[in-house]
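Note: the block below is run16.txt and it holds compact mmCIF, C-alpha atoms.
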# COMPACT_ATOMS: atom_id res chain seq x y z
CA MET A 68 50.45 10.53 85.86
CA ILE A 69 48.14 7.73 84.88
CA GLY A 70 45.34 10.26 84.28
CA VAL A 71 47.57 12.34 82.09
CA VAL A 72 48.57 9.29 80.02
CA ASN A 73 44.95 8.24 79.63
CA LYS A 74 44.01 11.75 78.48
CA LYS A 75 46.84 11.71 75.94
CA GLY A 76 45.73 8.28 74.74
CA VAL A 77 42.18 9.49 74.27
CA PHE A 78 43.41 12.59 72.45
CA PHE A 79 45.57 10.64 70.03
CA THR A 80 42.82 8.12 69.52
CA LEU A 81 40.35 10.90 68.65
CA LEU A 82 42.97 12.53 66.43
CA ALA A 83 43.49 9.25 64.62
CA PHE A 84 39.72 8.92 64.08
CA VAL A 85 39.57 12.47 62.75
CA ILE A 86 42.48 11.86 60.37
CA ILE A 87 40.93 8.61 59.16
CA ALA A 88 37.55 10.31 58.72
CA ILE A 89 39.15 13.14 56.75
CA PHE A 90 41.03 10.61 54.62
CA VAL A 91 37.86 8.60 53.96
CA LEU A 92 35.84 11.73 53.13
CA SER A 93 38.64 13.07 50.94
CA PHE A 94 38.96 9.76 49.11
CA SER A 95 35.21 9.61 48.61
CA PHE A 96 35.13 13.22 47.42
CA ILE A 97 38.06 12.70 45.05
CA SER A 98 36.49 9.48 43.75
CA LYS A 99 33.25 11.29 43.04
CA ILE A 100 35.11 14.07 41.26
CA GLU A 101 37.03 11.54 39.19
CA GLU A 102 33.81 9.65 38.49
CA ARG A 103 32.05 12.85 37.43
CA GLN A 104 34.99 13.81 35.23
CA SER A 105 34.93 10.34 33.69
CA VAL A 106 31.20 10.65 32.98
CA GLU A 107 31.69 14.12 31.53
CA LYS A 108 34.46 12.87 29.25
CA ARG A 109 32.30 9.95 28.15
CA VAL A 110 29.32 12.21 27.46
CA GLU A 111 31.58 14.61 25.55
CA SER A 112 33.05 11.73 23.56
CA LEU A 113 29.63 10.38 22.64
CA ASN A 114 28.38 13.86 21.83
CA ASP A 115 31.26 14.24 19.35
CA PHE A 116 30.31 10.85 17.92
CA VAL A 117 26.70 11.93 17.47
CA LEU A 118 27.79 15.18 15.79
CA GLY A 119 29.98 13.12 13.47
CA LEU A 120 27.04 10.91 12.57
CA GLU A 121 24.92 13.94 11.77
CA GLU A 122 27.55 14.87 9.18
CA ASP A 123 27.98 11.30 7.95
CA ILE A 124 24.30 10.55 7.33
CA PRO A 125 23.87 13.28 4.67
CA ARG A 126 26.93 11.95 2.83
CA GLN A 127 25.40 8.48 2.74
CA LEU A 128 22.02 9.95 1.80
CA TYR A 129 23.64 11.70 -1.17
CA THR A 130 25.04 8.38 -2.38
CA SER A 131 21.62 6.74 -1.98
CA GLY A 132 19.81 9.52 -3.84
CA PHE A 133 22.28 9.60 -6.70
CA ARG A 134 22.14 5.82 -7.16
CA MET A 135 18.34 5.75 -7.09
CA ILE A 136 18.12 8.33 -9.90
CA PHE A 137 20.87 6.56 -11.85
CA LEU A 138 19.08 3.22 -11.59
CA LEU A 139 15.74 4.69 -12.65
CA GLU A 140 17.38 6.24 -15.69
CA ASN A 141 18.90 2.86 -16.51
CA LYS A 142 15.40 1.37 -16.44
CA ILE A 143 14.22 4.07 -18.83
CA PHE A 144 17.04 3.04 -21.18
CA GLU A 145 16.19 -0.66 -20.84
CA LYS A 146 12.43 -0.39 -21.17
CA GLY A 147 12.12 2.71 -23.32
CA THR A 148 9.37 4.01 -21.03
CA TYR A 149 9.15 6.64 -18.33
CA VAL A 150 8.88 5.93 -14.60
CA PRO A 151 5.16 5.28 -14.00
CA ASP A 152 5.14 6.17 -10.28
CA LEU A 153 8.26 8.09 -9.37
CA ASP A 154 7.67 8.43 -5.62
CA ALA A 155 6.76 4.75 -5.23
CA SER A 156 9.87 3.73 -7.18
CA LEU A 157 12.12 5.92 -5.03
CA GLN A 158 10.60 4.53 -1.84
CA GLU A 159 11.02 0.98 -3.14
CA ALA A 160 14.67 1.54 -4.04
CA PHE A 161 15.55 3.21 -0.74
CA PHE A 162 13.76 0.87 1.62
CA ASN A 163 13.80 -2.42 -0.31
CA GLY A 164 16.84 -2.11 -2.52
CA THR A 165 14.79 -3.07 -5.58
CA ILE A 166 13.64 -1.37 -8.78
CA TYR A 167 10.30 -2.54 -10.18
CA GLY A 168 10.54 -5.56 -7.88
CA GLU A 169 13.98 -6.59 -9.13
CA GLU A 170 17.02 -6.56 -6.87
CA ALA A 171 19.32 -3.62 -7.55
CA SER A 172 22.85 -4.57 -6.51
CA LEU A 173 23.96 -0.94 -6.80
CA MET A 174 21.74 -0.15 -3.81
CA SER A 175 23.72 -2.51 -1.59
CA GLY A 176 24.70 -0.49 1.47
CA ALA A 177 22.77 2.51 0.16
CA THR A 178 19.31 1.51 1.39
CA PHE A 179 17.87 2.75 4.67
CA SER A 180 18.78 -0.49 6.43
CA GLY A 181 22.26 -0.32 4.88
CA ILE A 182 22.80 3.18 6.22
CA GLU A 183 21.49 2.20 9.65
CA ASN A 184 23.71 -0.89 9.74
CA SER A 185 26.84 1.10 8.87
CA LEU A 186 26.02 3.57 11.64
CA ARG A 187 25.48 0.75 14.13
CA ILE A 188 28.91 -0.66 13.30
CA LYS A 189 30.48 2.73 13.94
CA ALA A 190 28.52 3.09 17.17
CA ALA A 191 29.69 -0.32 18.41
CA LYS A 192 33.30 0.81 18.02
CA VAL A 193 32.68 3.50 20.65
CA ASN A 194 30.57 1.20 22.88
CA ALA A 195 27.22 2.69 21.95
CA ASN A 196 23.93 1.38 20.62
CA LEU A 197 22.18 3.15 17.75
CA SER A 198 18.87 2.94 15.97
CA LEU A 199 16.94 4.93 13.35
CA GLU A 200 13.20 4.47 13.52
CA ASN A 201 10.06 5.75 11.75
CA PRO A 202 11.94 6.89 8.62
CA VAL A 203 10.24 9.13 6.07
CA LEU A 204 11.88 9.78 2.69
CA ALA A 205 10.95 12.82 0.59
CA VAL A 206 12.41 13.65 -2.82
CA TYR A 207 11.44 16.80 -4.70
CA GLN A 208 12.74 19.38 -7.16
CA GLU A 209 14.38 22.11 -5.12
CA SER A 210 15.34 24.25 -8.11
CA SER A 211 15.85 23.85 -11.82
CA TRP A 212 19.30 22.41 -11.20
CA ASN A 213 18.98 20.53 -7.91
CA ILE A 214 16.95 17.71 -6.39
CA ARG A 215 16.34 17.78 -2.63
CA VAL A 216 16.45 14.48 -0.74
CA ASN A 217 15.18 14.56 2.86
CA LEU A 218 15.26 11.74 5.39
CA THR A 219 13.38 12.27 8.66
CA ALA A 220 13.80 9.66 11.38
CA ASP A 221 13.80 9.14 15.14
CA PHE A 222 17.48 9.12 16.03
CA PHE A 223 18.49 7.17 19.17
CA VAL A 224 22.02 6.69 20.54
CA GLU A 225 22.79 5.21 23.96
CA ASP A 226 25.99 4.42 25.80
CA VAL A 227 26.14 0.65 26.47
CA SER A 228 26.62 1.33 30.18
CA GLY A 229 23.63 3.66 30.28
CA LEU A 230 25.66 6.78 31.13
CA ALA A 231 24.05 8.92 28.45
CA SER A 232 21.59 8.76 25.58
CA TRP A 233 20.32 10.93 22.73
CA ASN A 234 16.77 10.58 21.50
CA ARG A 235 15.34 13.03 19.01
CA THR A 236 13.73 13.34 15.62
CA GLY A 237 16.17 14.54 13.01
CA THR A 238 15.85 15.58 9.38
CA PHE A 239 18.86 14.97 7.18
CA SER A 240 18.91 16.75 3.85
CA VAL A 241 21.08 16.86 0.73
CA LEU A 242 21.00 18.46 -2.70
CA ILE A 243 21.76 16.36 -5.76
CA PRO A 244 22.58 18.32 -8.94
CA VAL A 245 20.70 17.22 -12.06
CA SER A 246 23.75 18.13 -14.13
CA ASN A 247 25.22 15.19 -16.01
CA PHE A 248 22.12 13.02 -15.67
CA ASP A 249 20.69 12.09 -19.06
CA ASP A 250 17.54 13.90 -20.14
CA PRO A 251 14.75 11.27 -20.12
CA LEU A 252 12.81 13.03 -22.92
CA TYR A 253 15.62 12.30 -25.37
CA ILE A 254 16.10 8.73 -24.18
CA VAL A 255 12.48 7.73 -24.73
CA ASN A 256 11.74 9.75 -27.85
CA THR A 257 14.85 8.62 -29.74
CA ASP A 258 14.90 5.04 -28.43
CA GLY A 259 18.18 5.86 -26.75
CA LEU A 260 19.87 6.73 -30.06
CA VAL A 261 20.39 10.38 -29.12
CA THR A 262 21.15 11.21 -25.49
CA HIS A 263 21.88 14.54 -23.88
CA LYS A 264 23.37 15.23 -20.48
CA ILE A 265 21.63 18.03 -18.65
CA VAL A 266 24.15 20.86 -18.49
CA GLN A 267 23.33 24.45 -17.60
CA THR A 268 24.17 26.82 -20.43
CA PRO A 269 27.25 29.01 -20.00
CA TYR A 270 25.57 31.72 -22.07
CA THR A 271 23.68 34.63 -20.55
CA THR A 272 23.28 36.38 -23.91
CA PHE A 273 22.35 34.45 -27.04
CA VAL A 274 22.40 37.17 -29.69
CA VAL A 275 24.68 40.19 -29.87
CA GLY A 276 23.54 42.56 -32.60
CA GLU A 277 23.41 40.35 -35.70
CA ASP A 278 25.74 37.73 -34.22
CA VAL A 279 24.04 34.42 -33.31
CA SER A 280 27.27 32.60 -32.39
CA ASN A 281 26.21 32.11 -28.77
CA LEU A 282 22.84 30.73 -29.81
CA LEU A 283 24.57 28.30 -32.15
CA GLY A 284 26.95 27.36 -29.35
CA HIS A 285 24.00 26.80 -27.05
CA LEU A 286 22.26 24.60 -29.64
CA ASN A 287 25.36 22.59 -30.58
CA GLY A 288 26.42 22.22 -26.95
CA HIS A 289 23.04 20.70 -26.02
CA TYR A 290 22.79 23.09 -23.10
CA SER A 291 19.71 23.77 -21.00
CA ILE A 292 18.22 26.90 -19.49
CA GLU A 293 15.77 27.47 -16.65
CA SER A 294 12.19 27.48 -17.87
CA ALA A 295 9.01 28.11 -15.91
CA SER A 296 7.02 26.69 -18.83
CA GLY A 297 9.16 23.56 -19.11
CA PRO A 298 9.10 20.36 -17.05
CA SER A 299 11.57 19.79 -14.23
CA PHE A 300 14.04 16.92 -14.29
CA LEU A 301 11.83 14.84 -11.98
CA ASP A 302 8.87 15.60 -14.27
CA ARG A 303 10.92 14.41 -17.22
CA LEU A 304 11.59 11.10 -15.51
CA GLN A 305 7.84 10.61 -15.56
CA GLY A 306 7.37 11.83 -19.13
CA LEU A 307 5.55 15.01 -18.11
CA THR A 308 5.89 17.98 -20.44
CA SER A 309 3.78 20.58 -18.65
CA GLY A 310 5.28 23.64 -17.01
CA SER A 311 7.00 23.61 -13.66
CA GLY A 312 8.27 26.43 -11.50
CA ASN A 313 11.60 24.58 -11.46
CA GLY A 314 11.60 23.53 -15.10
CA ILE A 315 14.32 23.43 -17.73
CA GLU A 316 14.43 23.31 -21.51
CA SER A 317 16.92 22.60 -24.28
CA LEU A 318 16.81 22.91 -28.08
CA VAL A 319 16.57 19.75 -30.15
CA HIS A 320 19.28 19.41 -32.78
CA LEU A 321 17.31 17.92 -35.68
CA GLN A 322 20.40 16.98 -37.69
CA GLU A 323 21.49 14.70 -34.88
CA LEU A 324 18.13 12.96 -34.97
CA SER A 325 18.10 12.55 -38.76
CA GLY A 326 21.70 11.34 -38.58
CA GLN A 327 20.41 8.40 -36.52
CA GLY A 328 17.65 7.65 -39.00
CA ILE A 329 14.97 9.33 -36.93
CA ILE A 330 12.26 11.10 -38.93
CA VAL A 331 12.21 14.75 -37.89
CA GLU A 332 9.17 17.00 -37.58
CA ASP A 333 8.65 20.55 -38.77
CA LYS A 334 7.88 22.25 -35.47
CA SER A 335 9.41 24.27 -32.64
CA VAL A 336 12.70 22.71 -31.52
CA VAL A 337 12.11 23.52 -27.84
CA ASP A 338 12.46 20.02 -26.38
CA TYR A 339 9.29 19.69 -24.33
CA ILE A 340 7.26 20.98 -27.29
CA TYR A 341 9.08 18.95 -29.92
CA PHE A 342 8.75 15.73 -27.91
CA SER A 343 5.03 16.18 -27.26
CA SER A 344 1.76 16.34 -29.15
CA SER A 345 1.75 20.11 -28.76
CA ASN A 346 2.42 21.94 -32.02
CA PRO A 347 2.16 25.72 -31.74
CA SER A 348 2.90 27.81 -34.80
CA ALA A 349 6.67 28.11 -35.31
CA CYS A 350 8.93 30.12 -37.59
CA ASN A 351 12.50 30.46 -38.80
CA VAL A 352 14.34 33.21 -36.98
CA VAL A 353 16.37 36.32 -37.54
CA PRO A 354 19.12 37.44 -37.25
CA ALA A 355 20.33 35.06 -39.94
CA GLY A 356 22.83 32.35 -39.23
CA MET A 357 20.76 29.59 -37.66
CA PRO A 358 20.13 26.31 -39.57
CA SER A 359 17.17 26.31 -41.96
CA TRP A 360 15.41 23.66 -39.85
CA PHE A 361 15.75 25.74 -36.68
CA LYS A 362 12.30 27.04 -35.73
CA LEU A 363 10.86 28.50 -32.56
CA ASP A 364 7.30 29.13 -31.44
CA SER A 365 6.28 32.67 -30.56
CA GLY A 366 6.41 31.89 -26.84
CA HIS A 367 10.18 31.34 -27.02
CA LEU A 368 11.40 34.03 -29.40
CA PHE A 369 12.03 36.47 -26.54
CA ASN A 370 13.89 33.84 -24.47
CA TYR A 371 16.45 33.33 -27.21
CA GLN A 372 16.56 37.01 -28.29
CA VAL A 373 15.39 36.43 -31.88
CA ASN A 374 12.41 37.34 -34.04
CA CYS A 375 10.36 35.57 -36.68
CA GLN A 376 11.79 35.69 -40.16
CA GLU A 377 9.40 37.25 -42.64
CA GLY A 378 7.59 34.52 -44.49
CA GLY A 379 9.36 31.96 -42.27
Structure rendered as structure tokens:
Amino acid sequence: MIGVVNKKGVFFTLLAFVIIAIFVLSFSFISKIEERQSVEKRVESLNDFVLGLEEDIPRQLYTSGFRMIFLLENKIFEKGTYVPDLDASLQEAFFNGTIYGEEASLMSGATFSGIENSLRIKAAKVNANLSLENPVLAVYQESSWNIRVNLTADFFVEDVSGLASWNRTGTFSVLIPVSNFDDPLYIVNTDGLVTHKIVQTPYTTFVVGEDVSNLLGHLNGHYSIESASGPSFLDRLQGLTSGSGNGIESLVHLQELSGQGIIVEDKSVVDYIYFSSSNPSACNVVPAGMPSWFKLDSGHLFNYQVNCQEGG
């Protein structure tokens, strides 16, 4: 009987060890599963955060780009001169928050460091560290009606506990319409007395038969058209009047100039010609109906669907 009891005791003891071992292994296995799930959720959460930042940065970049152009135009108004080095001025505004060495309060929060700081604050709220390094800013004329602003930087985000990190070079890009910026050619050449917003013309046809109503509407509305022979908006900021593949042009309303006491010239009213030393032969146009001072050079007659008036 004693042997039987001892055997039972050994059996139950072994069974207890087995149950405990299973429990320990199960607990460890479950803990690892829960830990893995926790890590996966954290990585997923941070990944969503990073995706959100990649949408947020372009929005902030748009604000920065718009303010930089606005401030440079303000300087053109103040000084009556074009931007001498456009790229250097844009870099200065974006990275230093200054224009021509003077602090620009409007750039507060819109500089590179301001953008990075706002992103760091957002990252801290989700227990992450963030940095943007080796930034490169590029601003160029994308089309006649849009400016492209690109920011390339090394983008680094890391969970504070070291669970996950993102490290890559990203390019963030936005388009800024030139519409409703003032045309720098008018600002400088009229001492700010006559200003025109850049607005794309609503007209696709200027003359219908003998009817020049659309051309008059285009002239009086101060509208612009695409022009391969005209300067782009960024060119205009610098006072350039040579052709650009992404150029624009408008027609100068001479009565507006004379109404401000500005002496008018007898030449083509195409803006980049009128506001330059260039003076190609120009003529009054037909069909009739345009003002007597309205003249175009031969290179623009076709664009506006008119011809030279005989003896004009």
- prompt: Hey, what's within 10 Å of stretch 308-319 of chain A if we count only C-alpha atoms and toss same-chain stuff fewer than 3 positions away? As number ranges by chain, please?
  reply: A: 208-213, 250, 252-253, 263, 265-268, 285-303, 305, 322-324, 335-345, 361-363
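Minimum atom-to-atom distances from A:Gln127, A:Ser112, A:Val216, A:Ala155 to A:Asn184 were compared using all atoms listed in the file, and the lowest value belongs to A:Gln127.
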- prompt: What lies within 10 Å of A:Glu145 using only C-alpha atoms, ignoring chain neighbours under 6 positions off, as a ChimeraX atom specification?
  reply: /A:139,254-255,258-259
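We find atom CA of A:Val227 and atom CA of A:Ser198 to be spaced 13.0 Å apart.
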- request: Could you check how far atom CA of A:Val203 sits from atom CA of A:Leu218, in Å to one decimal?
  value: 5.7 Å
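Residues of protein, DNA or RNA having at least one counted atom within 9 Å of (11.1, 30.9, -37.7), given only C-alpha atoms, are A:Ser335, A:Ala349, A:Cys350, A:Asn351, A:Val352, A:Val353, A:Ser359, A:Trp360, A:Phe361, A:Lys362, A:Leu363, A:Asp364, A:Ser365, A:Leu368, A:Asn374, A:Cys375, A:Gln376, A:Glu377, A:Gly378, A:Gly379.
Shortest atom-to-atom contact with A:Phe133 among A:Gly276, A:Pro244, A:Gly326, A:Pro251: A:Pro244, counting all atoms listed in the file.
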message: For a quick check of understanding, using all atoms listed in the file, which of A:Ile166, A:Leu197, A:Ala190, A:Met174 has the smallest distance to A:Asn141?
response: A:Ile166
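Interatomic distance, atom CA of A:Thr165 against atom CA of A:Arg215: 21.1 Å.
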- line: In terms of all atoms listed in the file, the residue from A:Arg235, A:Thr272, A:Lys264, A:Ala195 at minimal distance from A:Asn247 is A:Lys264
Provide an axis-aligned box for all listed atoms of stretch 240-244 of chain A, padding each side by 4 Å; report its centre and its edge lengths in Å to one decimal, as JSON.
{"center_x": 20.7, "center_y": 17.4, "center_z": -2.5, "size_x": 11.7, "size_y": 10.1, "size_z": 20.8}
message: Using only C-alpha atoms - which residues lie no farther than 12 Å from the point (25.2, 16.7, 19.3) in the file's frame? Write them as a PyMOL selection string.
response: chain A and resi 110-122+222-224+232-235+237
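Proximity of A:Pro354, A:Gly132, A:Gly229, A:Pro347 to A:Ala205, computed with all atoms listed in the file, is greatest for A:Gly132.
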query: When distances are computed from only C-alpha atoms, which of A:Tyr371, A:Phe144, A:Tyr129, A:Phe137 shows the smallest separation from A:Val261?
result: A:Phe144
task: Pick out the residues sitting within 8 Å of stretch 277-280 of chain A, and hand them over as a count of residues only; count all atoms listed in the file, and ignore anything fewer than 5 positions along from it in its own chain.
output: 4
